[in-house]
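Student: Handing over upload-v2.txt, compact mmCIF, C-alpha atoms.
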```
# COMPACT_ATOMS: atom_id res chain seq x y z
CA MET I 1 -4.17 9.03 -13.49
CA ILE I 2 -3.60 5.35 -12.66
CA ARG I 3 -6.86 3.41 -12.75
CA VAL I 4 -6.94 0.35 -10.50
CA LEU I 5 -9.62 -2.35 -10.40
CA VAL I 6 -9.67 -4.21 -7.07
CA ALA I 7 -11.26 -7.65 -6.71
CA GLY I 8 -11.65 -9.91 -3.69
CA MET I 9 -13.54 -7.73 -1.21
CA THR I 10 -16.54 -9.44 0.41
CA GLY I 11 -19.69 -8.02 1.90
CA THR I 12 -18.39 -8.17 5.48
CA VAL I 13 -15.38 -6.68 7.21
CA GLY I 14 -12.41 -8.95 7.85
CA GLY I 15 -8.64 -8.93 7.66
CA LEU I 16 -8.52 -8.81 3.85
CA GLU I 17 -10.98 -5.92 3.67
CA ASN I 18 -9.12 -3.98 6.38
CA PHE I 19 -5.83 -4.56 4.58
CA ILE I 20 -7.16 -3.12 1.32
CA MET I 21 -8.80 -0.16 3.01
CA ASN I 22 -5.72 0.63 5.11
CA TYR I 23 -3.78 1.15 1.86
CA TYR I 24 -6.68 2.69 -0.09
CA ARG I 25 -7.10 5.48 2.46
CA GLN I 26 -3.48 6.55 2.04
CA PHE I 27 -3.32 6.68 -1.76
CA ASP I 28 -3.49 10.06 -3.48
CA LYS I 29 -6.99 10.13 -5.03
CA GLU I 30 -5.84 12.70 -7.58
CA LEU I 31 -3.29 10.23 -8.92
CA PHE I 32 -5.06 6.90 -8.29
CA GLN I 33 -8.64 5.97 -9.17
CA PHE I 34 -9.76 2.78 -7.39
CA ASP I 35 -12.86 0.84 -8.46
CA PHE I 36 -14.05 -2.38 -6.83
CA LEU I 37 -15.43 -5.56 -8.40
CA CYS I 38 -17.30 -7.68 -5.86
CA ARG I 39 -19.05 -11.07 -5.96
CA PHE I 40 -21.58 -9.86 -3.39
CA PRO I 41 -24.57 -7.49 -3.70
CA ARG I 42 -22.80 -5.01 -1.45
CA CYS I 43 -19.17 -4.46 -0.60
CA ALA I 44 -17.59 -3.83 2.78
CA TYR I 45 -16.87 -0.11 3.17
CA GLN I 46 -18.94 0.62 0.05
CA GLU I 47 -20.19 4.00 1.31
CA GLU I 48 -16.65 5.15 2.04
CA ILE I 49 -15.41 3.95 -1.35
CA GLU I 50 -18.17 5.69 -3.28
CA GLY I 51 -17.79 8.80 -1.13
CA ASN I 52 -14.18 9.02 -2.35
CA GLY I 53 -15.17 8.76 -6.02
CA GLY I 54 -14.64 5.03 -6.41
CA ARG I 55 -17.07 2.88 -8.36
CA PHE I 56 -18.56 -0.39 -7.14
CA PHE I 57 -19.52 -3.21 -9.50
CA SER I 58 -21.29 -6.39 -8.41
CA VAL I 59 -21.52 -9.76 -10.17
CA THR I 60 -23.45 -12.82 -9.05
CA ARG I 61 -21.47 -15.33 -7.00
CA ARG I 62 -20.43 -18.37 -9.02
CA SER I 63 -21.64 -20.73 -6.30
CA LYS I 64 -25.09 -19.13 -6.39
CA ASN I 65 -25.64 -19.15 -10.15
CA PRO I 66 -22.62 -20.12 -12.29
CA PHE I 67 -24.31 -19.33 -15.63
CA ARG I 68 -25.24 -15.83 -14.52
CA TYR I 69 -21.82 -15.32 -12.95
CA TYR I 70 -19.91 -16.15 -16.15
CA ARG I 71 -22.26 -14.03 -18.25
CA GLU I 72 -21.98 -11.04 -15.95
CA ILE I 73 -18.22 -11.13 -15.42
CA HIS I 74 -17.51 -11.58 -19.14
CA THR I 75 -19.82 -8.66 -19.88
CA PHE I 76 -18.14 -6.52 -17.24
CA PHE I 77 -14.61 -7.05 -18.58
CA ARG I 78 -15.70 -6.52 -22.21
CA LYS I 79 -17.33 -3.24 -21.21
CA HIS I 80 -14.83 -1.91 -18.67
CA GLY I 81 -11.58 -3.89 -18.92
CA HIS I 82 -9.93 -1.40 -21.27
CA GLU I 83 -10.40 1.37 -18.68
CA TYR I 84 -7.82 0.02 -16.22
CA ASP I 85 -4.06 0.11 -15.89
CA VAL I 86 -3.97 -2.34 -12.95
CA PHE I 87 -6.09 -5.33 -11.95
CA TRP I 88 -5.44 -6.18 -8.28
CA ASP I 89 -6.97 -9.57 -7.40
CA ASN I 90 -6.97 -10.16 -3.63
CA GLU I 91 -7.88 -13.73 -2.73
CA CYS I 92 -7.70 -16.11 0.20
CA MET I 93 -7.88 -18.97 -2.30
CA PHE I 94 -7.50 -18.97 -6.08
CA ASN I 95 -10.29 -21.42 -6.82
CA ASP I 96 -11.62 -19.10 -9.56
CA VAL I 97 -9.10 -17.64 -11.99
CA THR I 98 -11.74 -16.24 -14.36
CA PRO I 99 -11.13 -12.59 -13.36
CA LEU I 100 -7.39 -12.92 -13.97
CA GLN I 101 -7.98 -14.69 -17.29
CA LEU I 102 -10.34 -11.96 -18.45
CA ALA I 103 -7.97 -9.23 -17.28
CA ARG I 104 -5.28 -10.82 -19.45
CA ARG I 105 -7.70 -11.15 -22.39
CA GLU I 106 -8.53 -7.45 -22.14
CA GLU I 107 -4.81 -6.67 -21.94
CA ILE I 108 -4.86 -4.85 -18.63
CA PRO I 109 -1.12 -4.10 -18.39
CA VAL I 110 -0.51 -4.92 -14.70
CA ARG I 111 -2.33 -7.96 -13.29
CA ILE I 112 -1.63 -8.70 -9.63
CA ALA I 113 -2.48 -12.01 -7.95
CA HIS I 114 -2.33 -11.29 -4.21
CA SER I 115 -2.46 -14.23 -1.77
CA HIS I 116 -3.89 -13.45 1.69
CA ASN I 117 -4.08 -16.86 3.34
CA ALA I 118 -2.34 -20.20 3.78
CA GLY I 119 -5.18 -22.71 3.93
CA ASN I 120 -8.78 -23.52 3.09
CA MET I 121 -11.27 -21.76 5.37
CA ASP I 122 -14.22 -23.94 4.31
CA THR I 123 -14.32 -27.62 5.36
CA SER I 124 -17.73 -28.32 3.80
CA PRO I 125 -17.99 -30.47 0.63
CA LYS I 126 -18.26 -27.25 -1.39
CA GLY I 127 -15.18 -25.90 0.38
CA ARG I 128 -13.19 -29.04 -0.35
CA LEU I 129 -14.11 -28.73 -4.02
CA GLN I 130 -12.90 -25.13 -3.99
CA GLY I 131 -9.66 -26.32 -2.40
CA LEU I 132 -9.21 -28.85 -5.21
CA LEU I 133 -9.79 -26.13 -7.80
CA HIS I 134 -7.22 -23.94 -6.04
CA ARG I 135 -4.62 -26.69 -6.28
CA LEU I 136 -5.41 -27.42 -9.91
CA GLN I 137 -5.36 -23.80 -11.05
CA LYS I 138 -2.21 -22.49 -9.39
CA ARG I 139 -0.32 -22.61 -12.68
CA GLN I 140 -3.07 -20.64 -14.39
CA VAL I 141 -2.68 -17.93 -11.77
CA VAL I 142 1.03 -17.62 -12.53
CA ARG I 143 0.37 -17.56 -16.29
CA CYS I 144 -2.31 -14.88 -16.11
CA ALA I 145 -0.72 -12.56 -13.55
CA THR I 146 2.15 -10.21 -14.29
CA ASP I 147 2.87 -9.71 -10.57
CA LEU I 148 2.59 -12.15 -7.65
CA TRP I 149 2.10 -10.69 -4.17
CA ALA I 150 1.56 -12.27 -0.76
CA CYS I 151 1.05 -11.05 2.79
CA SER I 152 3.82 -13.38 4.04
CA ASP I 153 6.21 -16.06 2.83
CA THR I 154 3.77 -18.63 4.21
CA ALA I 155 0.94 -17.26 2.07
CA GLY I 156 3.24 -16.98 -0.94
CA ALA I 157 4.43 -20.58 -0.65
CA TRP I 158 0.83 -21.81 -0.38
CA ALA I 159 -0.45 -19.92 -3.42
CA PHE I 160 2.68 -20.07 -5.59
CA PRO I 161 4.51 -23.25 -4.49
CA GLU I 162 6.58 -23.66 -7.65
CA ARG I 163 7.91 -20.14 -7.30
CA ALA I 164 8.73 -20.79 -3.65
CA ARG I 165 10.63 -23.98 -4.51
CA THR I 166 12.70 -22.34 -7.22
CA GLY I 167 13.57 -19.23 -5.24
CA LYS I 168 11.13 -16.58 -4.11
CA LYS I 169 9.74 -14.75 -7.13
CA TYR I 170 6.82 -13.07 -5.47
CA ARG I 171 6.65 -9.85 -3.49
CA VAL I 172 5.67 -9.77 0.19
CA VAL I 173 3.40 -6.76 0.78
CA LEU I 174 3.14 -6.15 4.51
CA ASN I 175 -0.22 -5.95 6.27
CA ALA I 176 0.53 -2.45 7.46
CA ILE I 177 -1.62 -0.61 10.00
CA ASP I 178 -2.25 2.90 11.25
CA THR I 179 0.01 2.55 14.28
CA GLU I 180 -1.20 5.84 15.78
CA ARG I 181 -4.66 4.30 16.29
CA PHE I 182 -3.26 1.47 18.42
CA VAL I 183 -0.96 3.36 20.77
CA PHE I 184 -1.75 2.28 24.34
CA SER I 185 -3.58 4.75 26.58
CA ASP I 186 -4.46 4.25 30.26
CA ALA I 187 -7.40 6.63 29.85
CA SER I 188 -8.81 4.69 26.88
CA ARG I 189 -8.30 1.43 28.74
CA SER I 190 -10.20 2.66 31.79
CA ALA I 191 -13.06 4.04 29.68
CA CYS I 192 -13.51 0.85 27.66
CA ARG I 193 -13.29 -1.42 30.70
CA LYS I 194 -15.92 0.70 32.41
CA GLN I 195 -18.15 0.52 29.34
CA LEU I 196 -17.87 -3.29 29.31
CA ALA I 197 -18.20 -3.59 33.11
CA LEU I 198 -14.94 -5.51 33.31
CA GLY I 199 -13.89 -4.16 36.68
CA ASP I 200 -10.61 -5.78 37.71
CA HIS I 201 -11.31 -9.04 35.86
CA PHE I 202 -8.35 -10.48 33.95
CA THR I 203 -9.51 -10.32 30.34
CA ILE I 204 -8.49 -12.29 27.27
CA GLY I 205 -9.42 -11.08 23.79
CA CYS I 206 -9.53 -12.47 20.27
CA VAL I 207 -10.19 -10.53 17.05
CA GLY I 208 -11.18 -12.40 13.90
CA ARG I 209 -14.00 -13.87 11.85
CA LEU I 210 -15.97 -16.45 13.82
CA GLN I 211 -15.13 -19.40 11.62
CA TYR I 212 -13.13 -22.60 11.29
CA GLN I 213 -9.82 -20.93 10.45
CA LYS I 214 -9.64 -18.77 13.58
CA ASN I 215 -10.40 -21.77 15.85
CA GLN I 216 -12.33 -19.91 18.55
CA ALA I 217 -13.90 -23.21 19.64
CA PHE I 218 -10.46 -24.30 20.87
CA LEU I 219 -10.04 -20.97 22.67
CA LEU I 220 -13.30 -21.54 24.55
CA LYS I 221 -12.03 -24.92 25.75
CA ALA I 222 -8.76 -23.39 26.94
CA PHE I 223 -10.58 -20.53 28.64
CA ALA I 224 -12.95 -22.95 30.39
CA LEU I 225 -9.95 -24.79 31.86
CA PHE I 226 -8.40 -21.48 32.92
CA THR I 227 -11.56 -20.47 34.79
CA LYS I 228 -11.32 -23.63 36.87
CA SER I 229 -8.11 -22.31 38.47
CA SER I 230 -8.15 -19.96 41.44
CA ILE I 231 -6.53 -17.14 39.47
CA GLY I 232 -8.82 -17.55 36.45
CA LYS I 233 -12.18 -18.08 38.13
CA ASP I 234 -13.26 -14.46 37.56
CA ALA I 235 -11.65 -14.02 34.15
CA ARG I 236 -13.44 -12.75 31.05
CA LEU I 237 -13.13 -13.60 27.34
CA LEU I 238 -14.00 -11.13 24.57
CA LEU I 239 -14.56 -12.37 21.00
CA LEU I 240 -14.64 -9.60 18.40
CA GLY I 241 -15.93 -10.46 14.96
CA THR I 242 -18.81 -11.98 13.05
CA GLY I 243 -19.09 -15.18 11.09
CA PRO I 244 -20.83 -18.50 10.54
CA ASP I 245 -19.69 -19.99 13.87
CA ALA I 246 -21.31 -17.33 16.10
CA GLU I 247 -24.31 -19.41 17.17
CA ALA I 248 -22.25 -22.57 17.67
CA LEU I 249 -19.78 -20.68 19.85
CA GLN I 250 -22.58 -19.31 22.01
CA GLU I 251 -23.95 -22.83 22.45
CA GLN I 252 -20.47 -24.15 23.26
CA ALA I 253 -20.00 -21.50 25.95
CA VAL I 254 -23.25 -22.62 27.57
CA SER I 255 -22.26 -26.29 27.42
CA LEU I 256 -18.91 -25.43 29.05
CA GLY I 257 -20.64 -23.39 31.76
CA ILE I 258 -18.76 -20.19 30.90
CA GLU I 259 -21.51 -18.22 29.14
CA ARG I 260 -21.49 -15.50 31.82
CA SER I 261 -17.75 -14.98 31.33
CA VAL I 262 -17.72 -14.90 27.52
CA MET I 263 -18.73 -11.78 25.58
CA LEU I 264 -19.39 -12.04 21.83
CA ILE I 265 -18.93 -8.42 20.86
CA GLY I 266 -19.59 -8.79 17.10
CA TYR I 267 -18.04 -6.53 14.49
CA ARG I 268 -16.67 -3.22 15.75
CA PRO I 269 -14.93 -0.60 13.59
CA ASP I 270 -13.02 0.67 16.66
CA THR I 271 -11.09 -2.51 17.43
CA GLU I 272 -8.30 -0.43 18.94
CA HIS I 273 -10.47 0.54 21.92
CA TYR I 274 -11.23 -3.08 22.78
CA LEU I 275 -7.54 -3.98 22.54
CA GLN I 276 -6.91 -1.29 25.15
CA ALA I 277 -9.35 -3.03 27.52
CA ILE I 278 -7.98 -6.58 27.43
CA ASP I 279 -4.92 -8.04 29.17
CA VAL I 280 -3.81 -10.66 26.66
CA PHE I 281 -4.50 -11.32 22.99
CA ALA I 282 -5.09 -14.92 21.86
CA LEU I 283 -5.23 -16.29 18.32
CA PRO I 284 -5.25 -20.12 18.08
CA SER I 285 -5.70 -20.18 14.27
CA ARG I 286 -5.52 -23.40 12.29
CA PHE I 287 -3.70 -21.45 9.56
CA GLU I 288 -2.94 -17.80 8.76
CA GLY I 289 -1.60 -15.76 5.88
CA LEU I 290 -0.14 -13.42 8.49
CA GLY I 291 -2.67 -12.31 11.10
CA ILE I 292 -3.04 -8.53 10.92
CA ALA I 293 -4.77 -8.54 14.32
CA VAL I 294 -1.53 -9.81 15.88
CA ILE I 295 0.31 -6.76 14.54
CA GLU I 296 -2.37 -4.47 15.96
CA ALA I 297 -2.27 -6.20 19.36
CA GLN I 298 1.51 -5.88 19.59
CA CYS I 299 1.30 -2.21 18.69
CA SER I 300 -1.07 -1.81 21.65
CA GLY I 301 1.49 -3.44 23.95
CA LEU I 302 -0.44 -6.67 24.52
CA PRO I 303 1.19 -10.03 25.25
CA CYS I 304 0.09 -12.30 22.41
CA LEU I 305 -0.47 -16.04 22.54
CA VAL I 306 -0.79 -17.41 19.01
CA SER I 307 -0.81 -20.84 17.43
CA GLN I 308 2.24 -22.25 15.70
CA ALA I 309 0.27 -21.96 12.44
CA VAL I 310 0.65 -18.16 12.57
CA PRO I 311 3.66 -17.17 10.40
CA THR I 312 6.74 -16.22 12.39
CA GLU I 313 6.84 -12.94 10.43
CA ALA I 314 3.95 -11.79 12.61
CA ALA I 315 6.23 -11.67 15.66
CA VAL I 316 7.77 -8.23 15.15
CA THR I 317 8.21 -7.65 18.90
CA ASP I 318 9.05 -9.77 21.94
CA LEU I 319 5.38 -9.89 22.96
CA VAL I 320 4.47 -12.94 20.88
CA ARG I 321 4.56 -16.52 22.15
CA PHE I 322 3.78 -19.44 19.84
CA LEU I 323 1.85 -22.39 21.25
CA PRO I 324 0.57 -25.67 19.74
CA ALA I 325 -3.19 -25.55 19.18
CA GLU I 326 -3.84 -29.16 20.14
CA ASN I 327 -3.87 -29.12 23.94
CA PRO I 328 -6.15 -26.54 25.63
CA ALA I 329 -4.35 -27.13 28.96
CA VAL I 330 -1.16 -25.62 27.52
CA TRP I 331 -3.03 -22.41 26.71
CA ALA I 332 -4.79 -22.39 30.08
CA ASP I 333 -1.37 -22.62 31.80
CA ALA I 334 -0.09 -19.75 29.64
CA PHE I 335 -3.08 -17.64 30.65
CA SER I 336 -2.35 -18.41 34.32
CA GLN I 337 1.29 -17.37 33.95
CA LEU I 338 0.32 -14.06 32.40
CA ALA I 339 -2.35 -13.43 35.03
CA GLU I 340 0.11 -14.10 37.85
CA ASN I 341 2.89 -11.99 36.35
CA ARG I 342 1.23 -8.85 35.06
CA THR I 343 3.69 -6.16 34.03
CA ALA I 344 3.33 -2.50 33.12
CA ARG I 345 2.01 -2.11 29.59
CA HIS I 346 3.74 0.02 26.99
CA SER I 347 2.93 0.64 23.35
CA LYS I 348 5.25 -0.96 20.79
CA SER I 349 4.33 1.40 17.97
CA LYS I 350 7.94 2.41 17.26
CA GLU I 351 8.98 -1.23 16.88
CA ILE I 352 6.04 -1.82 14.55
CA ASP I 353 7.04 1.27 12.54
CA ASN I 354 10.65 0.11 12.32
CA ALA I 355 9.55 -3.31 11.07
CA GLY I 356 7.84 -1.66 8.09
CA TYR I 357 4.25 -2.02 9.26
CA GLU I 358 3.43 1.70 9.49
CA ILE I 359 0.76 2.28 6.84
CA ARG I 360 1.80 5.74 5.62
CA THR I 361 5.32 4.61 4.76
CA ALA I 362 4.15 1.25 3.39
CA ALA I 363 1.46 2.85 1.21
CA GLN I 364 3.94 5.36 -0.18
CA GLY I 365 6.20 2.48 -1.19
CA LEU I 366 3.33 0.60 -2.83
CA ALA I 367 2.20 3.71 -4.69
CA GLU I 368 5.70 4.21 -6.05
CA LEU I 369 5.79 0.56 -7.14
CA LEU I 370 2.51 0.92 -9.06
CA LYS I 371 3.78 4.11 -10.71
CA GLU I 372 6.89 2.24 -11.78
CA ARG I 373 4.95 -0.79 -13.03
CA THR I 374 2.53 1.31 -15.07
CA GLY I 375 5.23 3.62 -16.41
CA THR I 376 3.34 6.62 -15.11
CA PRO I 377 5.35 9.85 -15.14
CA VAL I 378 4.86 11.90 -11.98
CA TYR I 379 5.65 15.59 -12.06
CA GLU I 380 6.35 17.31 -8.77
```
In structure tokens, how does this file's structure come out?
Tutor:
Amino acid sequence: MIRVLVAGMTGTVGGLENFIMNYYRQFDKELFQFDFLCRFPRCAYQEEIEGNGGRFFSVTRRSKNPFRYYREIHTFFRKHGHEYDVFWDNECMFNDVTPLQLARREEIPVRIAHSHNAGNMDTSPKGRLQGLLHRLQKRQVVRCATDLWACSDTAGAWAFPERARTGKKYRVVLNAIDTERFVFSDASRSACRKQLALGDHFTIGCVGRLQYQKNQAFLLKAFALFTKSSIGKDARLLLLGTGPDAEALQEQAVSLGIERSVMLIGYRPDTEHYLQAIDVFALPSRFEGLGIAVIEAQCSGLPCLVSQAVPTEAAVTDLVRFLPAENPAVWADAFSQLAENRTARHSKSKEIDNAGYEIRTAAQGLAELLKERTGTPVYE
């Protein structure tokens, strides 16, 4: 059996957590044992993980109590490090390389540094310090890891710039999805629109953490301009996700006079149903590692308006249009064009499959890679 220790999961569900779980669900549990090391008291999807035989370990966050953090994480690796064949470190920013250093010290054979983003999500003083640490410790990441992975070339270049400059020496692991879940259905669309009382209202949707990176504040400004037009006056905006900006976004909607047209849905495990209900997907991110929600939206047959900060790899169909996220009027005009020229909607699941984003095929390939890297013989 191949024993894998996964780090990087937080206590809430987001793109990184969904990425890990999409792959985790497909791996053969008789061949792979996955345990999770988390810097939070609880881990997203913890019940599912433990229900499948996985173990969950928690250490104190470094920002909360650095002395306790270093004591606990050193103790953990001394006690358990020898148990693992693979250490898989999933991070949006490598401001703390301690886990990778300890994995190397304990001689875990395969040590993966996996980059999931292309910028700093936190603009606070603490966040800027973390960004500085990320820049200073990039070389340590490369020294400690045996394998470098990224969700896109953009994320790889941000985390491993020297490797990018000297020729790509990292592996892009696609943010694959269960395409069957996102196949468009008229019946599902009608049911969800009825549930949300959307009627015939043209509806824009955004899926992502409510935080600086995803730039929902800009989307509210663009939507407010759109509602001032004759075609957009009855439009609706759905924001799916949770995060630190939730209250500020509610207040902004009130100040813009659009609070009755904006619905903050919160976290939903059945994102696919809400994608069925909307008419256009919008993601004005300030930066993205890839944007797994864009892949899901395309699979559902939605026209997608995304910022130019979203990696071009995310456009695996002809449904994606890249816009600058500086002028809300440009986005409002794009909304008007889509509202005026609605076309029949068809799922793009086959195109997503052909681009390598179908999770069953992608997970099989990743499993074979881990078998190869660990030298594990597999007998049919």
Student: Distance CA of Gly241 (chain I)-CA of Arg25 (chain I), one decimal place?
Tutor: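 It comes out at 22.1 Å.
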Student: Measure the distance from CA of Gly54 (chain I) to CA of Val141 (chain I) in Å and round it to one decimal.
Tutor: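 A separation of 26.4 Å between them.
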Student: Between I:Ala155, I:Ile177, I:Cys43, I:Pro109, single out the one closest to Thr361 (chain I), counting only C-alpha atoms.
Tutor: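 Of I:Ala155, I:Ile177, I:Cys43, I:Pro109, the one nearest Thr361 (chain I), counting only C-alpha atoms, is I:Ile177.
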Student: Identify, on the basis of only C-alpha atoms, every residue whose closest approach to Thr154 (chain I) does not exceed 7 Å; exclude the query and any residue fewer than 4 positions from it along the same chain; express the result as a VMD selection string.
Tutor: chain I and resid 118 158 289 311
Student: At what distance in Å, to one decimal, does CA of Glu351 (chain I) lie from CA of Val316 (chain I)?
Tutor: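 Between CA of Val316 (chain I) and CA of Glu351 (chain I) the gap is 7.3 Å.
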Student: Near region 205-208 of chain I, within 6 Å and counting all atoms listed in the file, which residues show up once chain neighbours fewer than 5 positions away are dropped, as a PDB file with C-alpha atoms, keeping the file's coordinate frame?
Tutor:
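What follows is the written file selection20.pdb:
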```pdb
ATOM      1  CA  LEU I 237     -13.130 -13.600  27.340  1.00  0.00           C
ATOM      2  CA  LEU I 238     -14.000 -11.130  24.570  1.00  0.00           C
ATOM      3  CA  LEU I 239     -14.560 -12.370  21.000  1.00  0.00           C
ATOM      4  CA  LEU I 240     -14.640  -9.600  18.400  1.00  0.00           C
ATOM      5  CA  GLY I 241     -15.930 -10.460  14.960  1.00  0.00           C
ATOM      6  CA  ILE I 278      -7.980  -6.580  27.430  1.00  0.00           C
ATOM      7  CA  PHE I 281      -4.500 -11.320  22.990  1.00  0.00           C
ATOM      8  CA  ALA I 282      -5.090 -14.920  21.860  1.00  0.00           C
TER       9      ALA I 282
END
```
Student: Give one line per residue of region 67-90 of chain I that approaches region 8-20 of chain I to at most 10 Å, naming the two atoms of the closest pair and their distance in Å to one decimal, counting only C-alpha atoms; sort by chain then ascending residue number and deliver it as a tab-separated table.
Tutor:
```
residue	atom	partner	partner_atom	distance
I:Trp88	CA	I:Gly8	CA	8.6
I:Asp89	CA	I:Gly8	CA	6.0
I:Asn90	CA	I:Gly8	CA	4.7
```
Student: To box region 178-185 of chain I, take all atoms listed in the file, fit an axis-aligned box, add 3 Å on each side, and give centre and edge lengths in Å to one decimal, as AutoDock Vina command-line options.
Tutor:
```
--center_x -2.3 --center_y 3.7 --center_z 18.9 --size_x 10.7 --size_y 10.4 --size_z 21.3
```
Student: Kindly provide, as a PyMOL selection string, the polymer residues lying within 12 Å of (-4.3, -13.0, 40.5), counting only C-alpha atoms and using the coordinates exactly as they appear in the file.
Tutor: chain I and resi 200-203+227+229-235+335-342
Student: What's the 12 Å shell around Phe40 (chain I), counting all atoms listed in the file, without same-chain residues fewer than 4 positions away, as a PDB file with C-alpha atoms, keeping the file's coordinate frame?
Tutor:
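Written out: around27.pdb:
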```pdb
ATOM      1  CA  ALA I   7     -11.260  -7.650  -6.710  1.00  0.00           C
ATOM      2  CA  GLY I   8     -11.650  -9.910  -3.690  1.00  0.00           C
ATOM      3  CA  MET I   9     -13.540  -7.730  -1.210  1.00  0.00           C
ATOM      4  CA  THR I  10     -16.540  -9.440   0.410  1.00  0.00           C
ATOM      5  CA  GLY I  11     -19.690  -8.020   1.900  1.00  0.00           C
ATOM      6  CA  THR I  12     -18.390  -8.170   5.480  1.00  0.00           C
ATOM      7  CA  PHE I  36     -14.050  -2.380  -6.830  1.00  0.00           C
ATOM      8  CA  ALA I  44     -17.590  -3.830   2.780  1.00  0.00           C
ATOM      9  CA  GLN I  46     -18.940   0.620   0.050  1.00  0.00           C
ATOM     10  CA  PHE I  56     -18.560  -0.390  -7.140  1.00  0.00           C
ATOM     11  CA  PHE I  57     -19.520  -3.210  -9.500  1.00  0.00           C
ATOM     12  CA  SER I  58     -21.290  -6.390  -8.410  1.00  0.00           C
ATOM     13  CA  VAL I  59     -21.520  -9.760 -10.170  1.00  0.00           C
ATOM     14  CA  THR I  60     -23.450 -12.820  -9.050  1.00  0.00           C
ATOM     15  CA  ARG I  61     -21.470 -15.330  -7.000  1.00  0.00           C
ATOM     16  CA  ARG I  62     -20.430 -18.370  -9.020  1.00  0.00           C
ATOM     17  CA  SER I  63     -21.640 -20.730  -6.300  1.00  0.00           C
ATOM     18  CA  LYS I  64     -25.090 -19.130  -6.390  1.00  0.00           C
ATOM     19  CA  TYR I  69     -21.820 -15.320 -12.950  1.00  0.00           C
TER      20      TYR I  69
END
```
Student: Taking into account only C-alpha atoms, which residue in the set I:Tyr274, I:Glu247, I:Ala159, I:Trp149 is nearest to Gln195 (chain I)?
Tutor: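 Checking each candidate against Gln195 (chain I), we get I:Tyr274 as the closest.
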Student: Ranking I:Val6, I:Val142, I:Leu225, I:Cys38 by minimum distance to Phe87 (chain I) and counting all atoms listed in the file, which one comes first?
Tutor: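 Ranked by minimum distance to Phe87 (chain I), first place goes to I:Val6.
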Student: Fewer than 4 positions away in the same chain doesn't count, so skip those; otherwise give me all residues within 12 Å of Ala103 (chain I), counting only C-alpha atoms, as a count of residues only.
Tutor: 35
Student: Under the rule that only C-alpha atoms are counted, which of I:Gln216, I:Pro269, I:Asp153, I:Gln276 is the nearest residue to Arg193 (chain I)?
Tutor: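 So, comparing all the options, the nearest one is I:Gln276.
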Student: Find, counting all atoms listed in the file, the residue in I:Ala191, I:Leu275, I:Leu196, I:Val310 that gets nearest to Glu296 (chain I).
Tutor: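 Using all atoms listed in the file, the shortest distance to Glu296 (chain I) belongs to I:Leu275.
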Student: Do you know which residues are at most 12 Å from Arg181 (chain I) counting all atoms listed in the file, after dropping those on the same chain fewer than 4 positions away, and could you put them as a list in words?
Tutor: Asn22, Ile177, Ser185, Ser188, Pro269, Asp270, Thr271, Glu272, His273, Tyr274, Leu275, Gln276, Glu296, Ala297, Cys299, Ser300, Ser347, Ser349, Glu358 and Ile359 of chain I
Student: Ranking I:Glu368, I:Asp178, I:Asp333, I:Asp279 by minimum distance to Ile292 (chain I) and counting only C-alpha atoms, which one comes first?
Tutor: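 Closest to Ile292 (chain I) of all the choices is I:Asp178.
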Student: Please tell me which residues are no farther than 7 Å from (0.6, -12.2, 8.7) in the file, counting only C-alpha atoms, and write them as a PyMOL selection string.
Tutor: chain I and resi 151-152+175+288-292+311+313-314
